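Participant: Take a look at protein03.txt, compact mmCIF, C-alpha atoms:
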# COMPACT_ATOMS: atom_id res chain seq x y z
CA MET A 784 -5.78 -59.77 13.29
CA LEU A 785 -5.96 -56.91 15.73
CA SER A 786 -3.35 -54.97 13.81
CA ARG A 787 -5.35 -55.42 10.56
CA SER A 788 -8.53 -53.95 12.08
CA ALA A 789 -6.46 -51.22 13.71
CA ASN A 790 -5.00 -50.49 10.28
CA LYS A 791 -8.50 -50.30 8.77
CA ILE A 792 -9.70 -47.93 11.50
CA LEU A 793 -6.61 -45.80 11.02
CA ARG A 794 -7.18 -45.62 7.25
CA LEU A 795 -10.83 -44.76 7.79
CA LEU A 796 -9.90 -42.01 10.21
CA MET A 797 -7.30 -40.64 7.81
CA GLY A 798 -9.84 -40.68 4.99
CA LEU A 799 -12.35 -38.81 7.14
CA MET A 800 -9.71 -36.27 8.14
CA LEU A 801 -8.73 -35.74 4.49
CA MET A 802 -12.38 -35.22 3.51
CA THR A 803 -12.89 -32.74 6.34
CA ILE A 804 -9.74 -30.81 5.45
CA THR A 805 -10.75 -30.73 1.74
CA SER A 806 -14.24 -29.43 2.54
CA ILE A 807 -12.87 -26.78 4.94
CA TYR A 808 -10.34 -25.69 2.30
CA ALA A 809 -13.08 -25.47 -0.34
CA GLU A 810 -15.24 -23.39 2.00
CA VAL A 811 -12.38 -21.03 2.81
CA GLN A 812 -11.58 -20.65 -0.89
CA ALA A 813 -15.22 -19.92 -1.73
CA GLU A 814 -15.46 -17.40 1.11
CA SER A 815 -12.27 -15.74 -0.02
CA LEU A 816 -13.55 -15.53 -3.60
CA ASN A 817 -16.87 -14.12 -2.42
CA SER A 818 -15.21 -11.47 -0.30
CA GLN A 819 -12.89 -10.52 -3.19
CA SER A 820 -15.76 -10.31 -5.67
CA ASP A 821 -17.07 -7.28 -3.77
CA ALA A 822 -13.70 -5.63 -4.00
CA LYS A 823 -13.22 -2.45 -6.01
CA PHE A 824 -9.60 -3.33 -6.55
CA THR A 825 -6.74 -5.45 -5.28
CA LEU A 826 -3.20 -4.28 -4.94
CA THR A 827 0.23 -5.77 -4.31
CA ALA A 828 3.52 -3.94 -3.78
CA ASP A 829 6.95 -4.32 -2.20
CA GLY A 830 6.16 -1.72 0.46
CA SER A 831 3.83 1.05 1.50
CA ARG A 832 3.78 4.28 3.50
CA GLY A 833 0.57 5.89 4.63
CA ASN A 834 -0.73 8.79 6.62
CA LYS A 835 -4.27 8.64 7.98
CA VAL A 836 -4.35 12.37 8.73
CA ASN A 837 -4.01 13.47 5.10
CA ASN A 838 -5.59 10.25 3.74
CA LEU A 839 -2.62 9.51 1.51
CA THR A 840 -1.03 6.10 1.00
CA GLU A 841 1.93 5.42 -1.25
CA TYR A 842 2.76 1.96 -2.56
CA TYR A 843 6.18 1.40 -4.05
CA GLY A 844 8.17 -1.30 -5.85
CA ASN A 845 6.53 -3.66 -8.37
CA VAL A 846 3.09 -2.21 -7.80
CA HIS A 847 0.32 -4.25 -9.38
CA TYR A 848 -3.24 -2.91 -9.33
CA LEU A 849 -6.20 -4.93 -10.59
CA SER A 850 -9.81 -3.75 -10.80
CA PRO A 851 -12.78 -4.71 -12.99
CA GLN A 852 -12.00 -1.57 -15.04
CA PHE A 853 -8.31 -2.03 -15.75
CA GLU A 854 -4.96 -3.49 -14.74
CA LEU A 855 -2.00 -1.32 -13.83
CA ASN A 856 1.72 -1.90 -13.21
CA ALA A 857 3.87 0.89 -11.84
CA ASP A 858 6.95 1.74 -9.80
CA LYS A 859 4.89 3.87 -7.43
CA LEU A 860 1.17 4.31 -6.80
CA SER A 861 -0.26 7.07 -4.60
CA VAL A 862 -3.81 6.60 -3.38
CA LYS A 863 -5.54 9.70 -2.10
CA ALA A 864 -8.84 8.93 -0.40
CA PRO A 865 -10.49 12.11 0.90
CA GLU A 866 -13.53 11.63 3.11
CA ASN A 867 -16.85 11.26 1.29
CA LYS A 868 -15.12 11.58 -2.08
CA GLY A 869 -13.88 9.05 -4.59
CA ARG A 870 -10.30 7.90 -4.54
CA THR A 871 -7.65 9.37 -6.81
CA LEU A 872 -4.82 7.10 -7.89
CA VAL A 873 -1.58 8.40 -9.35
CA ALA A 874 0.68 5.79 -10.94
CA GLU A 875 4.26 6.66 -11.80
CA GLY A 876 6.78 4.54 -13.65
CA SER A 877 9.31 4.42 -16.39
CA PRO A 878 6.89 3.65 -17.83
CA ALA A 879 3.74 2.77 -15.92
CA THR A 880 1.53 0.43 -17.96
CA LEU A 881 -2.25 0.23 -18.01
CA THR A 882 -4.30 -2.41 -19.79
CA GLN A 883 -8.04 -2.16 -20.37
CA LEU A 884 -10.14 -4.72 -22.18
CA SER A 885 -13.67 -4.00 -23.36
CA ASN A 886 -15.91 -5.22 -26.15
CA LEU A 887 -15.10 -2.18 -28.24
CA GLN A 888 -11.45 -1.71 -27.52
CA HIS A 889 -8.37 -3.55 -26.25
CA MET A 890 -6.00 -0.86 -24.98
CA LYS A 891 -2.47 -0.84 -23.62
CA LEU A 892 -1.06 2.45 -22.37
CA LEU A 893 2.54 3.23 -21.45
CA ALA A 894 3.20 6.56 -19.74
CA GLN A 895 5.30 8.27 -17.08
CA GLU A 896 2.26 9.35 -15.06
CA ILE A 897 -1.30 8.01 -15.07
CA ARG A 898 -3.89 9.65 -12.84
CA PHE A 899 -7.20 7.84 -12.28
CA ASN A 900 -10.26 9.49 -10.74
CA GLU A 901 -12.55 6.81 -9.34
CA GLN A 902 -15.71 8.95 -9.31
CA GLU A 903 -15.33 10.26 -12.86
CA ASN A 904 -13.87 7.07 -14.36
CA SER A 905 -11.33 9.28 -16.03
CA LEU A 906 -7.65 8.86 -16.76
CA ARG A 907 -5.41 11.90 -17.08
CA VAL A 908 -2.08 10.92 -18.53
CA LYS A 909 1.22 12.78 -18.90
CA ASN A 910 4.19 11.95 -21.13
CA ILE A 911 2.65 9.14 -23.11
CA ASP A 912 5.28 6.72 -24.39
CA GLY A 913 2.65 4.92 -26.40
CA LEU A 914 -1.01 4.01 -26.49
CA ASN A 915 -1.77 0.93 -28.50
CA ALA A 916 -5.38 -0.06 -29.05
CA THR A 917 -7.38 -2.35 -31.26
CA ILE A 918 -10.81 -0.90 -32.03
CA ASN A 919 -13.66 -3.15 -33.14
CA GLN A 920 -11.07 -5.71 -34.18
CA SER A 921 -10.80 -3.79 -37.45
CA ALA A 922 -8.27 -1.06 -36.78
CA ASN A 923 -5.22 -0.70 -34.65
CA ILE A 924 -4.25 2.74 -33.37
CA LEU A 925 -0.93 3.92 -31.98
CA LEU A 926 -0.74 7.28 -30.19
CA ILE A 927 2.28 9.14 -28.82
CA ALA A 928 1.43 12.45 -27.14
CA ASP A 929 2.39 14.83 -24.34
CA SER A 930 -0.86 14.45 -22.46
CA MET A 931 -4.30 12.92 -22.78
CA GLU A 932 -7.61 12.49 -21.00
CA TYR A 933 -9.60 9.32 -21.42
CA ARG A 934 -13.09 8.62 -20.07
CA PHE A 935 -14.98 5.37 -19.90
CA SER A 936 -18.15 3.99 -18.41
CA ALA A 937 -17.81 1.26 -15.79
CA GLN A 938 -21.45 0.17 -15.46
CA PRO A 939 -22.92 -2.14 -16.54
CA LYS A 940 -19.69 -2.96 -18.34
CA VAL A 941 -16.49 -1.20 -19.25
CA GLU A 942 -16.83 0.80 -22.46
CA PRO A 943 -14.67 3.68 -23.70
CA LEU A 944 -16.45 7.04 -24.12
CA PHE A 945 -13.94 9.57 -25.42
CA LEU A 946 -10.28 10.39 -25.60
CA THR A 947 -8.61 13.77 -26.05
CA ALA A 948 -4.87 14.16 -26.53
CA SER A 949 -2.44 16.96 -27.30
CA GLY A 950 1.20 17.20 -28.35
CA GLN A 951 3.75 19.34 -30.16
CA PRO A 952 2.86 17.52 -32.37
CA LEU A 953 1.22 14.29 -31.34
CA SER A 954 1.69 11.21 -33.49
CA PHE A 955 -1.31 9.08 -34.43
CA GLN A 956 -1.11 5.96 -36.57
CA ILE A 957 -4.01 3.87 -37.82
CA THR A 958 -3.46 0.41 -39.21
CA THR A 959 -6.41 -1.12 -40.99
CA ILE A 960 -6.84 -4.79 -40.38
CA ASN A 961 -8.39 -6.26 -43.51
CA SER A 962 -10.81 -8.95 -42.44
CA SER A 963 -10.50 -10.98 -45.66
CA ASP A 964 -6.73 -10.94 -45.60
CA GLU A 965 -5.15 -10.45 -42.20
CA ASN A 966 -1.75 -9.80 -43.70
CA ALA A 967 -2.97 -6.92 -45.86
CA LYS A 968 -2.59 -3.91 -43.63
CA GLU A 969 -2.97 -0.31 -44.68
CA VAL A 970 -1.09 2.21 -42.52
CA LYS A 971 -2.04 5.88 -42.15
CA LYS A 972 0.37 8.09 -40.20
CA LEU A 973 -0.92 11.40 -38.88
CA THR A 974 0.49 14.23 -36.82
CA ALA A 975 -1.50 17.04 -35.23
CA LYS A 976 -1.69 19.30 -32.20
CA GLU A 977 -5.00 17.94 -30.89
CA LEU A 978 -6.87 14.65 -31.15
CA ASN A 979 -10.44 13.91 -30.09
CA ILE A 980 -11.91 10.42 -30.34
CA ASN A 981 -15.60 9.81 -29.72
CA TYR A 982 -15.96 6.07 -29.29
CA GLN A 983 -19.76 6.13 -29.53
CA SER A 984 -19.74 7.64 -33.02
CA GLY A 985 -16.40 6.07 -33.94
CA VAL A 986 -15.01 9.41 -35.14
CA ALA A 987 -11.50 10.77 -34.55
CA ILE A 988 -10.93 14.49 -35.17
CA LEU A 989 -7.39 15.78 -35.61
CA GLU A 990 -6.74 19.52 -35.48
CA GLY A 991 -3.82 21.93 -35.79
CA ASP A 992 -1.18 21.54 -38.52
CA VAL A 993 -2.44 18.10 -39.42
CA THR A 994 -0.38 15.88 -41.70
CA LEU A 995 -1.56 12.58 -43.11
CA ARG A 996 0.76 10.15 -44.83
CA GLN A 997 -0.69 7.18 -46.67
CA ALA A 998 0.43 5.19 -49.70
CA GLY A 999 3.11 7.69 -50.71
CA GLU A 1000 0.87 10.76 -50.32
CA LEU A 1001 1.37 13.59 -47.87
CA ILE A 1002 -1.67 15.69 -47.08
CA ARG A 1003 -1.55 18.85 -44.96
CA ALA A 1004 -4.65 20.46 -43.49
CA GLU A 1005 -5.91 22.25 -40.41
CA LYS A 1006 -8.43 19.57 -39.59
CA ILE A 1007 -9.10 15.97 -40.60
CA ILE A 1008 -12.10 13.90 -39.55
CA PHE A 1009 -11.42 10.22 -39.47
CA ASP A 1010 -14.03 7.46 -39.33
CA LEU A 1011 -12.61 4.59 -37.29
CA ASN A 1012 -15.39 2.21 -38.33
CA ASP A 1013 -14.66 2.17 -42.06
CA GLN A 1014 -11.27 3.96 -41.99
CA THR A 1015 -12.46 6.74 -44.34
CA TRP A 1016 -11.49 10.35 -43.79
CA GLU A 1017 -12.51 13.82 -44.88
CA ILE A 1018 -11.25 17.36 -44.68
CA PRO A 1019 -14.17 19.58 -43.72
CA ALA A 1020 -14.92 22.70 -45.78
CA SER A 1021 -13.53 25.81 -44.18
CA THR A 1022 -12.77 29.31 -45.48
CA ASN A 1023 -9.48 29.62 -43.61
CA GLN A 1024 -8.24 26.20 -44.45
CA ARG A 1025 -5.54 25.46 -46.95
CA ILE A 1026 -5.18 21.89 -48.15
CA GLU A 1027 -1.91 20.70 -49.59
CA VAL A 1028 -1.42 17.34 -51.28
CA ILE A 1029 2.08 16.13 -52.11
CA LYS A 1030 2.43 12.95 -54.13
CA LYS A 1031 5.53 10.91 -54.68
CA PRO A 1032 6.54 11.18 -58.40
CA ASN A 1033 6.33 7.43 -58.97
CA SER A 1034 3.15 6.79 -56.99
CA MET B 670 60.36 3.79 73.03
CA ASN B 671 61.03 4.04 69.33
CA LYS B 672 59.60 0.56 68.72
CA ARG B 673 56.38 1.40 70.61
CA TYR B 674 56.05 4.62 68.56
CA TYR B 675 56.28 2.70 65.27
CA LEU B 676 53.79 0.11 66.51
CA VAL B 677 51.20 2.78 67.43
CA LEU B 678 51.74 4.47 64.07
CA ALA B 679 51.30 1.18 62.22
CA ILE B 680 48.11 0.32 64.16
CA THR B 681 46.75 3.81 63.50
CA LEU B 682 47.48 3.52 59.79
CA ILE B 683 45.89 0.07 59.59
CA ALA B 684 42.85 1.37 61.48
CA LEU B 685 42.63 4.32 59.07
CA VAL B 686 42.82 2.04 56.02
CA LEU B 687 40.22 -0.31 57.48
CA TRP B 688 37.94 2.59 58.32
CA GLN B 689 38.24 4.05 54.77
CA TRP B 690 37.59 0.64 53.21
CA PHE B 691 34.58 0.05 55.45
CA LYS B 692 33.25 3.55 54.58
CA ALA B 693 33.68 2.90 50.85
CA GLU B 694 31.84 -0.42 51.11
CA GLN B 695 29.05 1.25 53.05
CA LEU B 696 28.75 3.98 50.37
CA LYS B 697 28.74 1.39 47.58
CA ALA B 698 25.98 -0.57 49.29
CA SER B 699 23.88 2.53 49.83
CA ILE B 700 24.29 3.56 46.15
CA GLU B 701 23.17 0.11 44.99
CA GLN B 702 20.21 0.30 47.29
CA ILE B 703 19.14 3.67 45.91
CA ASP B 704 19.54 2.77 42.21
CA LEU B 705 18.26 -0.75 42.17
CA PRO B 706 15.66 -1.17 44.86
CA ASP B 707 14.10 -4.16 43.11
CA ALA B 708 17.30 -5.86 42.04
CA THR B 709 16.59 -8.87 44.15
CA SER B 710 12.86 -8.43 44.67
CA LYS B 711 10.31 -10.74 43.12
CA PHE B 712 6.65 -10.07 43.56
CA GLN B 713 3.24 -10.45 41.90
CA ILE B 714 0.45 -7.95 41.48
CA LYS B 715 -3.05 -9.00 40.57
CA GLN B 716 -5.32 -6.64 38.65
CA LEU B 717 -2.48 -4.22 37.97
CA GLU B 718 -3.37 -0.71 36.81
CA MET B 719 -0.73 1.93 36.01
CA ARG B 720 -1.37 5.43 34.75
CA GLN B 721 0.98 7.83 33.02
CA TYR B 722 0.10 11.51 32.74
CA ALA B 723 1.46 14.29 30.55
CA ALA B 724 2.79 17.51 32.05
CA ASN B 725 -0.59 19.16 31.44
CA GLY B 726 -2.32 16.45 33.44
CA GLN B 727 -3.72 14.57 30.46
CA LEU B 728 -3.76 10.79 30.76
CA LEU B 729 -1.28 9.39 28.21
CA HIS B 730 -1.15 5.70 29.03
CA LEU B 731 -3.28 3.39 31.09
CA ILE B 732 -1.81 -0.09 31.51
CA GLN B 733 -3.97 -2.87 32.92
CA SER B 734 -3.11 -6.51 33.47
CA ASP B 735 -4.72 -9.52 35.16
CA LEU B 736 -1.42 -10.56 36.67
CA ALA B 737 1.97 -8.83 36.74
CA ASN B 738 5.21 -10.53 37.80
CA SER B 739 8.21 -8.39 38.71
CA ASN B 740 11.51 -10.19 38.46
CA GLU B 741 15.00 -8.70 38.30
CA ASN B 742 14.02 -5.33 36.89
CA ILE B 743 11.62 -6.89 34.37
CA TRP B 744 7.86 -6.85 34.52
CA GLN B 745 5.89 -9.59 32.83
CA LEU B 746 2.22 -8.90 32.27
CA ASN B 747 -0.53 -11.38 31.50
CA SER B 748 -3.32 -10.22 29.18
CA PRO B 749 -2.12 -6.61 29.08
CA LEU B 750 -4.36 -3.79 27.87
CA ILE B 751 -2.66 -0.52 27.06
CA LYS B 752 -4.89 2.48 26.39
CA ILE B 753 -3.13 5.27 24.57
CA ASN B 754 -4.53 8.76 24.26
CA TYR B 755 -2.81 11.08 21.85
CA ASN B 756 -4.11 14.14 19.98
CA ASN B 757 -7.60 13.22 21.24
CA VAL B 758 -7.39 9.89 19.43
CA GLU B 759 -7.84 6.85 21.64
CA TRP B 760 -6.04 3.61 20.85
CA SER B 761 -6.23 0.29 22.62
CA LEU B 762 -3.40 -2.23 22.44
CA VAL B 763 -3.93 -5.77 23.70
CA ALA B 764 -1.88 -8.98 23.67
CA SER B 765 -1.56 -12.24 25.57
CA LYS B 766 1.79 -11.30 27.11
CA ALA B 767 3.89 -8.20 27.57
CA THR B 768 7.36 -7.59 28.96
CA ILE B 769 8.46 -4.22 30.29
CA GLU B 770 12.05 -3.47 31.25
CA GLN B 771 12.15 -0.82 33.94
CA THR B 772 15.18 0.85 32.38
CA SER B 773 13.66 0.93 28.90
CA LYS B 774 10.74 2.75 27.29
CA ASN B 775 9.82 -0.34 25.29
CA VAL B 776 6.97 -2.73 25.88
CA GLU B 777 7.48 -6.05 24.13
CA LEU B 778 4.12 -7.59 23.24
CA SER B 779 3.50 -11.11 22.03
CA GLN B 780 0.69 -13.43 20.93
CA GLY B 781 -2.40 -11.89 19.37
CA VAL B 782 -1.16 -8.31 19.43
CA THR B 783 -4.10 -6.12 18.39
CA LEU B 784 -4.10 -2.36 18.02
CA LYS B 785 -7.45 -0.64 17.56
CA ASN B 786 -8.54 2.87 16.89
CA THR B 787 -12.18 2.90 17.79
CA SER B 788 -13.10 6.25 16.22
CA LYS B 789 -16.24 6.12 14.10
CA ASP B 790 -14.94 8.04 11.10
CA LYS B 791 -11.60 6.23 10.69
CA PRO B 792 -11.78 2.78 12.31
CA PHE B 793 -8.48 0.97 12.17
CA THR B 794 -7.40 -2.46 13.43
CA LEU B 795 -3.96 -4.00 13.22
CA ILE B 796 -3.29 -7.62 14.19
CA THR B 797 0.16 -9.17 14.44
CA ASP B 798 1.97 -11.91 16.35
CA ASN B 799 4.49 -9.75 18.16
CA ALA B 800 5.38 -6.09 18.36
CA SER B 801 7.42 -3.57 20.28
CA TYR B 802 5.74 -0.43 21.61
CA ASN B 803 7.89 2.59 22.41
CA SER B 804 5.83 4.58 24.90
CA TYR B 805 8.07 7.64 24.59
CA ALA B 806 7.89 7.92 20.78
CA LYS B 807 4.43 6.34 20.62
CA GLN B 808 5.61 3.96 17.94
CA LEU B 809 4.61 0.37 17.42
CA SER B 810 6.88 -1.76 15.26
CA SER B 811 7.43 -5.37 14.26
CA LEU B 812 9.09 -7.58 11.69
CA ALA B 813 6.25 -10.10 11.82
CA ASP B 814 3.33 -10.56 9.42
CA LEU B 815 0.41 -8.22 9.98
CA TYR B 816 -3.22 -7.89 9.02
CA LEU B 817 -4.64 -4.40 8.83
CA THR B 818 -8.27 -3.37 8.31
CA GLY B 819 -9.65 0.10 7.74
CA SER B 820 -13.09 1.40 6.82
CA SER B 821 -12.68 0.31 3.18
CA SER B 822 -9.58 -1.85 3.00
CA GLU B 823 -7.93 -5.05 4.18
CA ILE B 824 -4.16 -5.25 3.93
CA LYS B 825 -1.63 -7.99 4.63
CA ALA B 826 2.10 -7.27 4.85
CA THR B 827 5.31 -8.28 6.58
CA GLY B 828 6.96 -5.86 9.00
CA PHE B 829 5.72 -2.44 9.95
CA GLU B 830 6.33 0.77 11.84
CA LEU B 831 3.36 2.74 13.07
CA ASP B 832 3.61 6.21 14.51
CA LEU B 833 0.57 7.02 16.62
CA SER B 834 1.57 10.64 17.13
CA ASN B 835 0.96 11.54 13.48
CA GLU B 836 -1.04 8.43 12.47
CA SER B 837 1.44 7.41 9.81
CA TYR B 838 2.58 3.90 8.97
CA TRP B 839 5.19 2.06 6.96
CA LEU B 840 4.51 -1.46 5.72
CA LYS B 841 7.96 -2.82 5.01
CA SER B 842 7.40 -5.69 2.54
CA ASP B 843 5.00 -8.04 0.72
CA VAL B 844 2.01 -5.69 0.76
CA GLN B 845 -1.26 -7.25 -0.44
CA GLY B 846 -4.42 -5.18 -0.24
CA VAL B 847 -8.10 -5.55 -1.06
CA PHE B 848 -10.05 -2.28 -1.30
CA TYR B 849 -13.82 -1.79 -1.22
Now, as a test, write the supplied structure out as structure tokens.
Facilitator:
Amino acid sequence: MLSRSANKILRLLMGLMLMTITSIYAEVQAESLNSQSDAKFTLTADGSRGNKVNNLTEYYGNVHYLSPQFELNADKLSVKAPENKGRTLVAEGSPATLTQLSNLQHMKLLAQEIRFNEQENSLRVKNIDGLNATINQSANILLIADSMEYRFSAQPKVEPLFLTASGQPLSFQITTINSSDENAKEVKKLTAKELNINYQSGVAILEGDVTLRQAGELIRAEKIIFDLNDQTWEIPASTNQRIEVIKKPNS
Amino acid sequence: MNKRYYLVLAITLIALVLWQWFKAEQLKASIEQIDLPDATSKFQIKQLEMRQYAANGQLLHLIQSDLANSNENIWQLNSPLIKINYNNVEWSLVASKATIEQTSKNVELSQGVTLKNTSKDKPFTLITDNASYNSYAKQLSSLADLYLTGSSSEIKATGFELDLSNESYWLKSDVQGVFY
């Protein structure tokens, strides 16, 4: 009889303990989430070396960076934090990868060096292995270039502003995603020396020995203006410009 | 006559050997006394305070402890506080326990080891379970987990080396940081 009541008391105590532990755990989790929600970014790496005198910290080995603006994976990440100035992050890898999701664009960037300026919200990229982005869920772009600069706004939400790229030549491919038939894709392959994309107007301008290949046609021009919203393009009137159109005999 | 001569010679030789042996023992004892004065001494000091100065007279280290036990060449400190001044940067290092070997430059710290740089522009706090402080190189190191906070960051890692002379650090593995 005594052992039964002792058993009951023991069970009650254990139940109370379990409830207390659960509530403490929930509180700690909530606190941890709250403290992380104020964070500008979180970072994990195999190791790190830092110097407080020159405000430089290097993270190396499986570096993973996550911020509300983008996600980054790299072999090495250097964080320079000068006093009273925004941080500069330099990611290096073979390649380093950056992913940014916004309403307008889903972008994945692979490059040897990605430099992010926190104050400007700008990315300066060298040796781009590939930039793959889906714009407005209607077109997919693929860019391979020597260097590029990309700016975006971070407040109130992440939105791309503009992108400039250069190469000798750069390669730019646009695949139209037909909304009525997802399998019907039209591919336009372009090369040029310079590319400027204004995300607000949805216009991409390619300049310098531009070539455009589509449906068996090859078009050469000095400049091509491309509308990313409806995938139309035009060659602007210019006195110095020579336009060349080469068609396949059977097209 | 001959026998007496040999006997005197033998006694003289034995006396000489005994005298040399006794002299050597005396010398050995005196050397031990000079080198290891505390070899057998055990004592306690309450409210210990030790100061170490640089050649230019600047205070390098100030070590304070509630209670210090000296035992066989080893000092054990309770609640040690080590103040380190280097390049006009002041650091404070506290722990629950510390062990100092008189022949070594290392201070072994354990339980709640906390290093703080109290400067206003670059506050810095490092917390770990145990660490070794080399007073000569001004380096703090450990293989234990650590928690590090700066003015705009909180970092967890496992194992570190921290050089106070040039304010550089190496976090050896499993680095996890939150930045504000």
Participant: As a list in words, please: the residues near region 817-827 of chain B (cut-off 9 Å, all atoms listed in the file, same-chain neighbours under 5 positions excluded).
Facilitator: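 Once the adjacent positions are removed, what remains is Ala822, Leu826 and Gly830 of chain A; Asp790, Lys791, Pro792, Phe793, Thr794, Leu795, Ile796, Thr797, Ser811, Leu812, Leu840, Lys841, Ser842, Asp843, Val844, Gln845, Gly846, Val847, Phe848 and Tyr849 of chain B.
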Participant: Contacts of Ser837 (chain B) at 10 Å or less, counting only C-alpha atoms, minus same-chain residues fewer than 2 places along, as a VMD selection string?
Facilitator: (chain A and resid 832 to 840) or (chain B and resid 808 830 to 835 839)
Participant: Just the selected residues (C-alpha atoms), exported as an mmCIF file, keeping the file's coordinate frame, please.
Facilitator:
data_model
loop_
_atom_site.group_PDB
_atom_site.id
_atom_site.type_symbol
_atom_site.label_atom_id
_atom_site.label_comp_id
_atom_site.auth_asym_id
_atom_site.auth_seq_id
_atom_site.Cartn_x
_atom_site.Cartn_y
_atom_site.Cartn_z
ATOM 1 C CA ARG A 832 3.780 4.280 3.500
ATOM 2 C CA GLY A 833 0.570 5.890 4.630
ATOM 3 C CA ASN A 834 -0.730 8.790 6.620
ATOM 4 C CA LYS A 835 -4.270 8.640 7.980
ATOM 5 C CA VAL A 836 -4.350 12.370 8.730
ATOM 6 C CA ASN A 837 -4.010 13.470 5.100
ATOM 7 C CA ASN A 838 -5.590 10.250 3.740
ATOM 8 C CA LEU A 839 -2.620 9.510 1.510
ATOM 9 C CA THR A 840 -1.030 6.100 1.000
ATOM 10 C CA GLN B 808 5.610 3.960 17.940
ATOM 11 C CA GLU B 830 6.330 0.770 11.840
ATOM 12 C CA LEU B 831 3.360 2.740 13.070
ATOM 13 C CA ASP B 832 3.610 6.210 14.510
ATOM 14 C CA LEU B 833 0.570 7.020 16.620
ATOM 15 C CA SER B 834 1.570 10.640 17.130
ATOM 16 C CA ASN B 835 0.960 11.540 13.480
ATOM 17 C CA TRP B 839 5.190 2.060 6.960
#
Participant: Give me, please, the distance in Å between CA of Leu995 (chain A) and CA of Pro943 (chain A), quoted to one decimal.
Facilitator: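 It comes out at 25.1 Å.
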Participant: Just want the 8 Å neighbourhood of region 727-733 of chain B, counted on all atoms listed in the file, with same-chain residues fewer than 3 positions away dropped. Output as an NGL selection string.
Facilitator: :B and (716-724 or 749-755)
Participant: Save out the residues we just selected, C-alpha atoms, as a PDB file, in the frame of the given file.
Facilitator:
ATOM      1  CA  GLN B 716      -5.320  -6.640  38.650  1.00  0.00           C
ATOM      2  CA  LEU B 717      -2.480  -4.220  37.970  1.00  0.00           C
ATOM      3  CA  GLU B 718      -3.370  -0.710  36.810  1.00  0.00           C
ATOM      4  CA  MET B 719      -0.730   1.930  36.010  1.00  0.00           C
ATOM      5  CA  ARG B 720      -1.370   5.430  34.750  1.00  0.00           C
ATOM      6  CA  GLN B 721       0.980   7.830  33.020  1.00  0.00           C
ATOM      7  CA  TYR B 722       0.100  11.510  32.740  1.00  0.00           C
ATOM      8  CA  ALA B 723       1.460  14.290  30.550  1.00  0.00           C
ATOM      9  CA  ALA B 724       2.790  17.510  32.050  1.00  0.00           C
ATOM     10  CA  PRO B 749      -2.120  -6.610  29.080  1.00  0.00           C
ATOM     11  CA  LEU B 750      -4.360  -3.790  27.870  1.00  0.00           C
ATOM     12  CA  ILE B 751      -2.660  -0.520  27.060  1.00  0.00           C
ATOM     13  CA  LYS B 752      -4.890   2.480  26.390  1.00  0.00           C
ATOM     14  CA  ILE B 753      -3.130   5.270  24.570  1.00  0.00           C
ATOM     15  CA  ASN B 754      -4.530   8.760  24.260  1.00  0.00           C
ATOM     16  CA  TYR B 755      -2.810  11.080  21.850  1.00  0.00           C
TER      17      TYR B 755
END
Participant: As a ChimeraX atom specification, please: the residues near Lys940 (chain A) (cut-off 9 Å, all atoms listed in the file, same-chain neighbours under 6 positions excluded).
Facilitator: /A:851-852,885-886
Participant: Could those residues be written to a file, using C-alpha atoms, as a compact mmCIF listing (two decimals), in the frame of the given file?
Facilitator:
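Now in again-v2.txt:
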# COMPACT_ATOMS: atom_id res chain seq x y z
CA PRO A 851 -12.78 -4.71 -12.99
CA GLN A 852 -12.00 -1.57 -15.04
CA SER A 885 -13.67 -4.00 -23.36
CA ASN A 886 -15.91 -5.22 -26.15
Participant: CA of Tyr674 (chain B) and CA of Gln689 (chain B) are how many Å apart?
Facilitator: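 Separation of CA of Tyr674 (chain B) and CA of Gln689 (chain B): 22.5 Å.
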Participant: Which distance in Å separates CA of Ile927 (chain A) and CA of Thr825 (chain A), to one decimal?
Facilitator: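 Atom-to-atom, CA of Ile927 (chain A) to CA of Thr825 (chain A), that is 29.1 Å.
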Participant: Write out as JSON, numbers by chain the residues lying within 8 Å of Ile1008 (chain A), counting only C-alpha atoms and excluding same-chain residues fewer than 3 positions away.
Facilitator: {"A": [986, 987, 988, 989, 1016, 1017, 1018, 1019]}
Participant: Using all atoms listed in the file, which of the listed residues (A:Glu854, A:Thr880, A:Phe824, A:Glu866) sits closest to Asp912 (chain A)?
Facilitator: A:Thr880
Participant: At most 12 Å from (-1.2, 11.2, -20.4), file frame, all atoms listed in the file: which residues, as a PyMOL selection string?
Facilitator: chain A and resi 873-875+878-881+892-899+905-914+926-933+946-950+953
Participant: Have a look at B:Leu809, B:Leu746, B:Ser779, B:Leu687 and name the one nearest to Trp760 (chain B); count all atoms listed in the file.
Facilitator: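 The closest residue to Trp760 (chain B) is B:Leu809.
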